[in-house]
file protein-v1.cif (mmCIF, C-alpha atoms)
data_start
loop_
_atom_site.label_atom_id
_atom_site.label_comp_id
_atom_site.auth_asym_id
_atom_site.auth_seq_id
_atom_site.Cartn_x
_atom_site.Cartn_y
_atom_site.Cartn_z
CA MET A 252 -0.94 25.12 -10.77
CA VAL A 253 -3.10 22.99 -8.48
CA PHE A 254 -6.25 21.06 -9.25
CA TRP A 255 -8.49 23.32 -7.16
CA GLU A 256 -7.32 26.56 -8.78
CA GLY A 257 -10.26 28.46 -10.24
CA HIS A 258 -12.72 26.50 -8.09
CA LEU A 259 -11.68 27.02 -4.48
CA SER A 260 -9.33 29.43 -2.76
CA ASP A 261 -6.14 28.12 -1.16
CA GLU A 262 -7.53 29.16 2.22
CA THR A 263 -10.71 27.16 1.70
CA MET A 264 -8.69 24.12 0.71
CA GLY A 265 -6.50 24.63 3.79
CA ILE A 266 -9.63 24.41 5.92
CA ILE A 267 -11.40 21.45 4.32
CA SER A 268 -8.51 19.30 3.07
CA PRO A 269 -7.46 17.92 6.49
CA VAL A 270 -11.04 16.77 7.11
CA VAL A 271 -11.54 15.23 3.67
CA VAL A 272 -8.11 13.57 3.67
CA TYR A 273 -8.69 12.20 7.18
CA TRP A 274 -11.89 10.36 6.37
CA LEU A 275 -10.74 9.21 2.95
CA TYR A 276 -7.44 7.76 4.21
CA ALA A 277 -8.91 6.36 7.43
CA GLY A 278 -11.82 4.94 5.46
CA LEU A 279 -9.42 3.26 3.06
CA HIS A 280 -7.96 1.29 5.96
CA HIS A 281 -11.40 0.00 6.87
CA ILE A 282 -12.50 -1.07 3.40
CA LEU A 283 -9.28 -2.93 2.68
CA PRO A 284 -9.21 -6.71 3.09
CA PRO A 285 -8.73 -7.76 6.74
CA LEU A 286 -4.88 -7.81 6.44
CA ASP A 287 -4.68 -9.76 9.69
CA HIS A 288 -1.22 -11.01 8.74
CA TYR A 289 0.06 -7.43 8.99
CA ARG A 290 -1.65 -6.40 12.24
CA LEU A 291 0.26 -5.63 15.43
CA HIS A 292 -2.72 -6.77 17.52
CA THR A 293 -5.42 -9.33 17.03
CA ARG A 294 -9.04 -8.29 16.61
CA LYS A 295 -9.75 -9.98 19.94
CA GLU A 296 -7.25 -7.68 21.66
CA ALA A 297 -8.85 -4.63 20.10
CA ALA A 298 -12.32 -5.68 21.20
CA SER A 299 -11.27 -6.47 24.77
CA GLN A 300 -8.76 -3.67 25.45
CA ASN A 301 -10.42 -0.56 24.00
CA VAL A 302 -12.76 1.06 26.51
CA VAL A 303 -14.52 3.53 24.20
CA SER A 304 -17.14 2.76 21.56
CA ILE A 305 -16.62 3.46 17.87
CA PRO A 306 -19.58 5.93 17.66
CA THR A 307 -18.06 7.90 20.55
CA VAL A 308 -14.71 8.01 18.76
CA ILE A 309 -16.32 9.25 15.54
CA LYS A 310 -18.21 12.02 17.37
CA GLY A 311 -15.02 13.02 19.19
CA VAL A 312 -13.05 13.26 15.94
CA LEU A 313 -15.78 15.33 14.26
CA LEU A 314 -15.77 17.74 17.21
CA GLN A 315 -12.00 18.04 17.00
CA GLN A 316 -12.18 18.73 13.28
CA SER A 317 -14.85 21.38 13.78
CA ILE A 318 -12.61 23.22 16.23
CA SER A 319 -9.60 22.95 13.93
CA ALA A 320 -11.57 24.22 10.94
CA THR A 321 -12.77 27.22 12.95
CA VAL A 322 -9.23 28.09 14.06
CA ALA A 323 -7.94 27.68 10.48
CA TYR A 324 -10.66 30.02 9.20
CA LEU A 325 -9.71 32.66 11.78
CA LEU A 326 -6.01 32.26 10.98
CA PHE A 327 -6.52 32.79 7.26
CA TRP A 328 -8.95 35.67 7.87
CA VAL A 329 -6.47 37.51 10.09
CA ASN A 330 -3.63 36.81 7.68
CA ASN A 331 -5.60 38.12 4.70
CA SER A 332 -6.74 41.16 6.66
CA MET A 333 -3.11 42.10 7.22
CA LEU A 334 -2.43 42.06 3.48
CA SER A 335 -3.46 44.91 1.23
CA SER A 336 -6.36 44.05 -1.06
CA SER A 337 -4.17 44.62 -4.09
CA LYS A 338 -1.33 42.39 -2.99
CA VAL A 339 -1.15 39.04 -4.73
CA VAL A 340 0.36 36.10 -2.85
CA VAL A 341 3.17 34.64 -4.93
CA GLN A 342 4.31 31.10 -4.34
CA PRO A 343 8.02 30.91 -3.56
CA SER A 344 10.35 28.70 -5.56
CA PHE A 345 10.06 24.95 -5.20
CA SER A 346 13.34 24.78 -3.24
CA ILE A 347 12.07 27.38 -0.76
CA GLN A 348 8.83 25.45 -0.34
CA ILE A 349 10.80 22.29 0.41
CA LEU A 350 12.80 24.19 3.03
CA GLN A 351 9.58 25.54 4.55
CA PHE A 352 8.17 22.02 4.58
CA ILE A 353 11.20 20.69 6.47
CA VAL A 354 11.04 23.54 8.98
CA SER A 355 7.34 22.81 9.53
CA LEU A 356 8.02 19.11 10.15
CA LEU A 357 10.67 19.95 12.74
CA VAL A 358 8.56 22.60 14.47
CA LEU A 359 5.52 20.33 14.65
CA ASP A 360 7.60 17.48 16.04
CA ALA A 361 9.05 19.71 18.78
CA TRP A 362 5.61 21.10 19.65
CA GLN A 363 4.07 17.63 19.80
CA TYR A 364 6.91 16.06 21.80
CA PHE A 365 7.02 18.57 24.63
CA GLY A 366 3.27 19.04 24.78
CA HIS A 367 2.60 15.31 24.64
CA ARG A 368 5.25 14.55 27.26
CA TYR A 369 3.88 17.19 29.63
CA MET A 370 0.39 15.74 29.24
CA HIS A 371 1.80 12.52 30.70
CA GLN A 372 3.96 14.04 33.41
CA ASN A 373 1.22 16.28 34.79
CA LYS A 374 -1.11 13.89 36.59
CA PHE A 375 -4.09 16.25 36.41
CA LEU A 376 -3.73 16.78 32.67
CA TYR A 377 -3.27 13.08 32.04
CA LYS A 378 -6.28 12.04 34.11
CA HIS A 379 -8.68 14.68 32.82
CA ILE A 380 -7.36 15.47 29.34
CA HIS A 381 -4.88 13.10 27.72
CA TYR A 382 -6.39 9.87 29.06
CA VAL A 383 -9.24 10.37 26.59
CA HIS A 384 -6.85 9.49 23.75
CA HIS A 385 -5.47 6.47 25.63
CA ARG A 386 -8.92 4.99 26.04
CA VAL A 387 -8.13 3.58 22.60
CA VAL A 388 -5.51 1.11 23.84
CA VAL A 389 -5.23 -0.78 20.56
CA PRO A 390 -5.14 2.03 17.97
CA TYR A 391 -7.03 2.01 14.70
CA ALA A 392 -7.07 4.37 11.74
CA PHE A 393 -10.06 6.66 12.26
CA GLY A 394 -9.34 6.89 16.00
CA ALA A 395 -6.06 8.73 15.35
CA ALA A 396 -7.54 12.19 16.10
CA TYR A 397 -9.71 11.05 19.00
CA ASN A 398 -8.67 13.42 21.79
CA HIS A 399 -10.10 15.63 24.47
CA PRO A 400 -11.10 18.84 22.62
CA LEU A 401 -8.63 20.90 24.66
CA GLU A 402 -5.75 18.56 23.81
CA GLY A 403 -6.70 18.59 20.15
CA LEU A 404 -6.71 22.39 20.21
CA LEU A 405 -3.39 22.79 22.05
CA LEU A 406 -1.32 20.00 20.48
CA ASP A 407 -2.74 19.40 17.02
CA THR A 408 -4.44 22.63 15.92
CA PHE A 409 -2.06 25.13 17.53
CA GLY A 410 0.89 22.91 16.55
CA GLY A 411 -0.12 23.19 12.92
CA VAL A 412 -0.66 26.95 13.18
CA VAL A 413 2.72 27.55 14.82
CA SER A 414 4.46 25.37 12.22
CA MET A 415 2.88 27.34 9.39
CA LEU A 416 3.71 30.74 10.88
CA ILE A 417 7.33 29.93 11.77
CA SER A 418 8.06 28.34 8.40
CA GLY A 419 6.42 31.20 6.50
CA MET A 420 4.58 28.85 4.15
CA THR A 421 1.64 30.09 2.12
CA ALA A 422 -1.91 28.80 2.42
CA ARG A 423 -1.35 26.71 -0.73
CA THR A 424 1.73 24.99 0.69
CA SER A 425 -0.08 24.44 3.99
CA VAL A 426 -2.68 22.30 2.19
CA PHE A 427 0.01 19.72 1.44
CA PHE A 428 1.65 20.03 4.87
CA TYR A 429 -1.61 19.56 6.78
CA SER A 430 -2.64 16.68 4.53
CA LEU A 431 0.67 14.89 5.09
CA SER A 432 0.41 15.42 8.85
CA VAL A 433 -3.10 13.96 8.88
CA ILE A 434 -2.05 10.95 6.80
CA LYS A 435 0.97 10.35 9.02
CA GLY A 436 -1.12 10.47 12.20
CA ILE A 437 -3.57 7.94 10.78
CA ASP A 438 -0.73 5.73 9.64
CA ASP A 439 0.84 5.69 13.11
CA HIS A 440 -2.47 4.59 14.63
CA SER A 441 -3.49 2.15 11.91
CA GLY A 442 -2.18 -0.93 13.73
CA LEU A 443 -0.72 -2.24 10.46
CA TRP A 444 2.97 -3.08 10.05
CA LEU A 445 3.74 -2.52 6.36
CA PRO A 446 7.27 -1.08 6.05
CA GLU A 447 7.87 -2.90 2.76
CA TYR A 448 4.74 -1.45 1.17
CA ASN A 449 4.11 1.83 2.98
CA PRO A 450 6.76 4.49 2.21
CA LEU A 451 5.84 6.53 5.30
CA GLN A 452 6.78 3.63 7.59
CA PHE A 453 10.04 3.25 5.72
CA ILE A 454 11.02 6.93 5.54
CA PHE A 455 10.09 8.14 9.03
CA PRO A 456 11.44 6.46 12.20
CA CYS A 457 8.26 7.32 14.10
CA ASN A 458 5.93 4.68 12.71
CA THR A 459 3.16 2.28 13.66
CA ALA A 460 5.36 0.01 15.77
CA TYR A 461 7.11 2.92 17.49
CA HIS A 462 3.83 4.50 18.54
CA ASP A 463 2.29 1.16 19.45
CA ILE A 464 4.85 0.86 22.25
CA HIS A 465 3.47 4.08 23.71
CA HIS A 466 -0.19 3.01 23.51
CA TYR A 467 0.08 -0.58 24.63
CA GLY A 468 1.53 -1.66 27.95
CA VAL A 469 2.05 -0.14 31.39
CA ARG A 470 5.71 0.79 30.90
CA GLY A 471 5.50 1.86 27.28
CA ILE A 472 3.12 4.68 28.12
CA LYS A 473 6.05 6.53 29.73
CA TYR A 474 8.14 6.35 26.56
CA ASN A 475 8.08 7.11 22.84
CA TYR A 476 6.39 10.50 23.10
CA SER A 477 7.71 11.63 19.71
CA GLN A 478 5.16 12.15 16.98
CA PRO A 479 4.37 12.28 14.14
CA PHE A 480 7.57 12.18 12.05
CA PHE A 481 10.93 11.87 13.84
CA THR A 482 12.23 10.34 17.08
CA PHE A 483 15.30 12.41 17.96
CA TRP A 484 13.57 14.21 20.86
CA ASP A 485 13.02 10.86 22.57
CA LYS A 486 16.66 9.95 21.97
CA LEU A 487 17.87 13.31 23.28
CA TYR A 488 15.82 13.21 26.48
CA GLY A 489 16.11 9.49 27.23
CA THR A 490 12.45 8.66 26.67
CA GLN A 491 12.91 6.19 23.83
CA MET A 492 12.01 2.55 24.39
CA PRO A 493 13.77 0.12 22.04
CA TYR A 494 11.73 -2.60 20.41
CA THR A 495 11.69 -5.37 17.86
CA VAL A 496 8.85 -6.41 15.58
CA GLU A 497 8.37 -10.18 15.50
CA LYS A 498 5.90 -12.47 13.83
CA ARG A 499 3.19 -14.06 15.95
CA LEU A 500 2.66 -17.78 15.61
CA GLU A 501 -1.06 -17.27 15.00
CA GLY A 502 -0.35 -14.68 12.33
CA GLY A 503 0.41 -10.99 12.26
CA PHE A 504 3.16 -9.17 14.14
CA GLU A 505 3.98 -8.23 17.71
CA VAL A 506 6.06 -5.36 19.08
CA ARG A 507 8.46 -6.47 21.83
CA GLN A 508 11.14 -4.90 23.99
CA PRO A 509 14.60 -6.49 23.70
CA LYS A 510 15.15 -8.93 26.56
CA GLU A 511 18.24 -7.16 27.92
CA TRP A 512 16.34 -3.87 28.11
CA ARG A 513 13.46 -5.51 30.00
CA VAL A 514 15.91 -6.95 32.52
CA GLN A 515 17.57 -3.56 32.95
CA GLN A 516 14.24 -1.87 33.62
CA VAL A 517 13.24 -4.46 36.22
CA ALA A 518 16.59 -4.07 37.98
CA ASP A 519 16.42 -0.27 37.92
CA PRO A 520 12.73 0.74 38.11
CA GLU A 521 11.65 4.36 37.94
#

call {"tool": "encode", "arguments": {"input": "protein-v1.cif", "output": "structure tokens"}}
result
Amino acid sequence: MVFWEGHLSDETMGIISPVVVYWLYAGLHHILPPLDHYRLHTRKEAASQNVVSIPTVIKGVLLQQSISATVAYLLFWVNNSMLSSSKVVVQPSFSIQILQFIVSLLVLDAWQYFGHRYMHQNKFLYKHIHYVHHRVVVPYAFGAAYNHPLEGLLLDTFGGVVSMLISGMTARTSVFFYSLSVIKGIDDHSGLWLPEYNPLQFIFPCNTAYHDIHHYGVRGIKYNYSQPFFTFWDKLYGTQMPYTVEKRLEGGFEVRQPKEWRVQQVADPE
């Protein structure tokens, strides 16, 4: 039993929930008190480093969501067309749904890692496609899904579709999976370091600080490709940059590489 039963179909919720959850959760970050003592970057850094305006980011996210909603509609339409009209979709047991959820997390992480990494390694794709996302140097919540439309389609939308199909989850289960993925993406781009208060930052090793390394700094952009949940692909392929989170004297936090690792990188440049 879910709260939308009798009002909306599971497929409809699968289409609209990522959009609604995105703006609600991202909006929450922007109506909260300033929380400057928990920020990884100062407001001055954000204003000076980001090279794209907020209205442009909002329009880009809305375009991305329109494309994703269209693909989701087509996916559910094809899936329903393959089922007989008399067949009723039965939710599997809770334990099976948990297993499907785990499979989806792992599939999405693999899809995102290799696609994201290739976007950086291919100079053409980085310059013309992925650089759009990196125009937001100091990340913030509602800029999480700001991408080139093609990147959003290939990495985010298709990643979600493949995860759903491989795991075998139903449309109802996908509502929760897509919502969690959206929340996690926003959290990683929020710029807030709250591991003691935010369970997502405590549970998953890929968190705000981990992804901040990738966004901020010349060297970091070549590391920490993993997203949005785990980091083992970076560990396996040697693309993980270690870091520490330290308090700034003027307030807030700062993500830093360990000194010995910085020395090693200078001595043995790529």

call {"tool": "resolve_selection", "arguments": {"input": "protein-v1.cif", "expression": "the PyMOL selection byres ((chain A and resi 449-455) around 9)", "output": "PDB file with C-alpha atoms, keeping the file's coordinate frame"}}
result
ATOM      1  CA  LYS A 435       0.970  10.350   9.020  1.00  0.00           C
ATOM      2  CA  ASP A 438      -0.730   5.730   9.640  1.00  0.00           C
ATOM      3  CA  ASP A 439       0.840   5.690  13.110  1.00  0.00           C
ATOM      4  CA  TRP A 444       2.970  -3.080  10.050  1.00  0.00           C
ATOM      5  CA  LEU A 445       3.740  -2.520   6.360  1.00  0.00           C
ATOM      6  CA  PRO A 446       7.270  -1.080   6.050  1.00  0.00           C
ATOM      7  CA  GLU A 447       7.870  -2.900   2.760  1.00  0.00           C
ATOM      8  CA  TYR A 448       4.740  -1.450   1.170  1.00  0.00           C
ATOM      9  CA  PRO A 456      11.440   6.460  12.200  1.00  0.00           C
ATOM     10  CA  CYS A 457       8.260   7.320  14.100  1.00  0.00           C
ATOM     11  CA  ASN A 458       5.930   4.680  12.710  1.00  0.00           C
ATOM     12  CA  THR A 459       3.160   2.280  13.660  1.00  0.00           C
ATOM     13  CA  PRO A 479       4.370  12.280  14.140  1.00  0.00           C
ATOM     14  CA  PHE A 480       7.570  12.180  12.050  1.00  0.00           C
ATOM     15  CA  PHE A 481      10.930  11.870  13.840  1.00  0.00           C
ATOM     16  CA  THR A 482      12.230  10.340  17.080  1.00  0.00           C
TER      17      THR A 482
END

call {"tool": "closest_residue", "arguments": {"input": "protein-v1.cif", "among": "A:His399, A:Leu405, A:Tyr429, A:Gly311", "to": "Gly366 of chain A", "atoms": "all atoms listed in the file"}}
result
A:Leu405

call {"tool": "residues_near_point", "arguments": {"input": "protein-v1.cif", "point": "(-14.2, 24.6, 9.6)", "cutoff": "12 Å", "atoms": "all atoms listed in the file", "output": "list of chain:residue names"}}
result
A:Glu262, A:Thr263, A:Met264, A:Gly265, A:Ile266, A:Ile267, A:Ser268, A:Pro269, A:Val270, A:Val271, A:Leu313, A:Leu314, A:Gln315, A:Gln316, A:Ser317, A:Ile318, A:Ser319, A:Ala320, A:Thr321, A:Val322, A:Ala323, A:Tyr324, A:Leu325, A:Leu326, A:Phe327, A:Thr408

call {"tool": "resolve_selection", "arguments": {"input": "protein-v1.cif", "expression": "the PyMOL selection byres ((chain A and resi 469-474) around 8)", "output": "list of chain:residue names"}}
result
A:His371, A:Ile464, A:His465, A:His466, A:Tyr467, A:Gly468, A:Asn475, A:Tyr476, A:Asp485, A:Thr490, A:Gln491, A:Met492

call {"tool": "residues_around", "arguments": {"input": "protein-v1.cif", "residues": "Ile437 of chain A", "least_positions_apart": "2", "cutoff": "10 Å", "atoms": "only C-alpha atoms", "output": "PyMOL selection string"}}
result
chain A and resi 273-274+276-277+280+390-396+431-435+439-442+459+479

call {"tool": "closest_residue", "arguments": {"input": "protein-v1.cif", "among": "A:Val354, A:Val389, A:Ile282, A:Leu259", "to": "Asn301 of chain A", "atoms": "all atoms listed in the file"}}
result
A:Val389

call {"tool": "closest_residue", "arguments": {"input": "protein-v1.cif", "among": "A:Val312, A:Leu376, A:Leu487, A:Val383", "to": "Tyr364 of chain A", "atoms": "only C-alpha atoms"}}
result
A:Leu487

call {"tool": "closest_residue", "arguments": {"input": "protein-v1.cif", "among": "A:Val303, A:Leu291, A:Met420, A:Leu404", "to": "Ile347 of chain A", "atoms": "all atoms listed in the file"}}
result
A:Met420

call {"tool": "residues_around", "arguments": {"input": "protein-v1.cif", "residues": "Ser355 of chain A", "least_positions_apart": "3", "cutoff": "7 Å", "atoms": "all atoms listed in the file", "output": "list of chain:residue names"}}
result
A:Gln351, A:Phe352, A:Val358, A:Leu359, A:Ser414, A:Met415, A:Ser418

call {"tool": "write_last_selection", "arguments": {"input": "protein-v1.cif", "atoms": "C-alpha atoms", "output": "compact mmCIF listing (two decimals), in the coordinates of the input"}}
result
# COMPACT_ATOMS: atom_id res chain seq x y z
CA GLN A 351 9.58 25.54 4.55
CA PHE A 352 8.17 22.02 4.58
CA VAL A 358 8.56 22.60 14.47
CA LEU A 359 5.52 20.33 14.65
CA SER A 414 4.46 25.37 12.22
CA MET A 415 2.88 27.34 9.39
CA SER A 418 8.06 28.34 8.40

call {"tool": "closest_residue", "arguments": {"input": "protein-v1.cif", "among": "A:Ile380, A:Val339, A:Leu357, A:Val308", "to": "Thr421 of chain A", "atoms": "only C-alpha atoms"}}
result
A:Val339

call {"tool": "closest_residue", "arguments": {"input": "protein-v1.cif", "among": "A:Val496, A:Leu406, A:Ile353, A:Val329", "to": "Arg368 of chain A", "atoms": "all atoms listed in the file"}}
result
A:Leu406

call {"tool": "resolve_selection", "arguments": {"input": "protein-v1.cif", "expression": "the PyMOL selection byres ((chain A and resi 505) around 9)", "output": "MDAnalysis selection string"}}
result
chainID A and resid 290:292 460 495:499 503:504 506:507

call {"tool": "atom_distance", "arguments": {"input": "protein-v1.cif", "atom1": "atom CA of Gly419 of chain A", "atom2": "atom CA of Gln363 of chain A"}}
result
19.1 Å

call {"tool": "atom_distance", "arguments": {"input": "protein-v1.cif", "atom1": "atom CA of His462 of chain A", "atom2": "atom CA of Trp484 of chain A"}}
result
13.9 Å

call {"tool": "atom_distance", "arguments": {"input": "protein-v1.cif", "atom1": "atom CA of Pro285 of chain A", "atom2": "atom CA of Gln508 of chain A"}}
result
26.5 Å

call {"tool": "decode", "arguments": {"input": "protein-v1.cif", "residues": "segment 330-397 of chain A", "atoms": "C-alpha atoms", "output": "short mmCIF file (atom, residue, chain, number, x, y, z; two decimals), in the first residue's frame"}}
result
data_model
loop_
_atom_site.label_atom_id
_atom_site.label_comp_id
_atom_site.auth_asym_id
_atom_site.auth_seq_id
_atom_site.Cartn_x
_atom_site.Cartn_y
_atom_site.Cartn_z
CA ASN A 330 6.60 -2.31 -20.86
CA ASN A 331 2.82 -2.21 -20.42
CA SER A 332 2.26 -2.98 -24.10
CA MET A 333 4.24 -6.19 -23.67
CA LEU A 334 1.95 -7.32 -20.85
CA SER A 335 -1.46 -8.78 -21.51
CA SER A 336 -4.30 -6.47 -20.53
CA SER A 337 -5.53 -8.99 -17.99
CA LYS A 338 -2.21 -9.48 -16.25
CA VAL A 339 -1.89 -7.76 -12.90
CA VAL A 340 1.56 -6.66 -11.75
CA VAL A 341 2.25 -8.18 -8.35
CA GLN A 342 4.84 -6.64 -6.08
CA PRO A 343 7.51 -9.15 -5.08
CA SER A 344 8.32 -9.81 -1.44
CA PHE A 345 10.06 -7.11 0.56
CA SER A 346 13.32 -9.10 0.60
CA ILE A 347 13.27 -9.40 -3.20
CA GLN A 348 12.64 -5.67 -3.52
CA ILE A 349 15.63 -4.97 -1.29
CA LEU A 350 17.77 -7.23 -3.49
CA GLN A 351 16.50 -5.43 -6.60
CA PHE A 352 17.30 -2.11 -4.96
CA ILE A 353 20.88 -3.18 -4.24
CA VAL A 354 21.34 -4.46 -7.79
CA SER A 355 20.04 -1.14 -9.12
CA LEU A 356 22.47 0.84 -6.96
CA LEU A 357 25.40 -1.23 -8.23
CA VAL A 358 24.33 -1.06 -11.87
CA LEU A 359 23.79 2.70 -11.74
CA ASP A 360 27.16 3.23 -10.09
CA ALA A 361 28.94 1.19 -12.79
CA TRP A 362 27.07 3.01 -15.58
CA GLN A 363 27.86 6.42 -14.09
CA TYR A 364 31.52 5.67 -13.37
CA PHE A 365 32.51 4.46 -16.82
CA GLY A 366 30.36 6.97 -18.66
CA HIS A 367 31.53 9.85 -16.48
CA ARG A 368 35.18 8.83 -16.76
CA TYR A 369 34.97 8.56 -20.55
CA MET A 370 33.42 12.02 -20.72
CA HIS A 371 36.64 13.30 -19.14
CA GLN A 372 39.09 11.18 -21.10
CA ASN A 373 37.60 12.03 -24.50
CA LYS A 374 38.66 15.61 -25.11
CA PHE A 375 35.88 16.28 -27.62
CA LEU A 376 33.17 15.02 -25.28
CA TYR A 377 34.59 16.95 -22.35
CA LYS A 378 34.88 20.22 -24.26
CA HIS A 379 31.49 20.08 -25.96
CA ILE A 380 29.37 17.99 -23.59
CA HIS A 381 30.61 17.39 -20.05
CA TYR A 382 32.16 20.82 -19.51
CA VAL A 383 28.62 22.20 -19.25
CA HIS A 384 28.29 20.49 -15.85
CA HIS A 385 31.70 21.73 -14.71
CA ARG A 386 30.76 25.33 -15.38
CA VAL A 387 29.35 25.04 -11.86
CA VAL A 388 32.75 24.90 -10.14
CA VAL A 389 31.38 25.34 -6.63
CA PRO A 390 28.36 23.01 -6.60
CA TYR A 391 24.99 23.87 -5.10
CA ALA A 392 21.82 21.85 -4.59
CA PHE A 393 19.56 22.70 -7.52
CA GLY A 394 22.52 22.66 -9.93
CA ALA A 395 23.04 18.92 -9.39
CA ALA A 396 21.26 17.92 -12.63
CA TYR A 397 22.65 20.78 -14.72
#
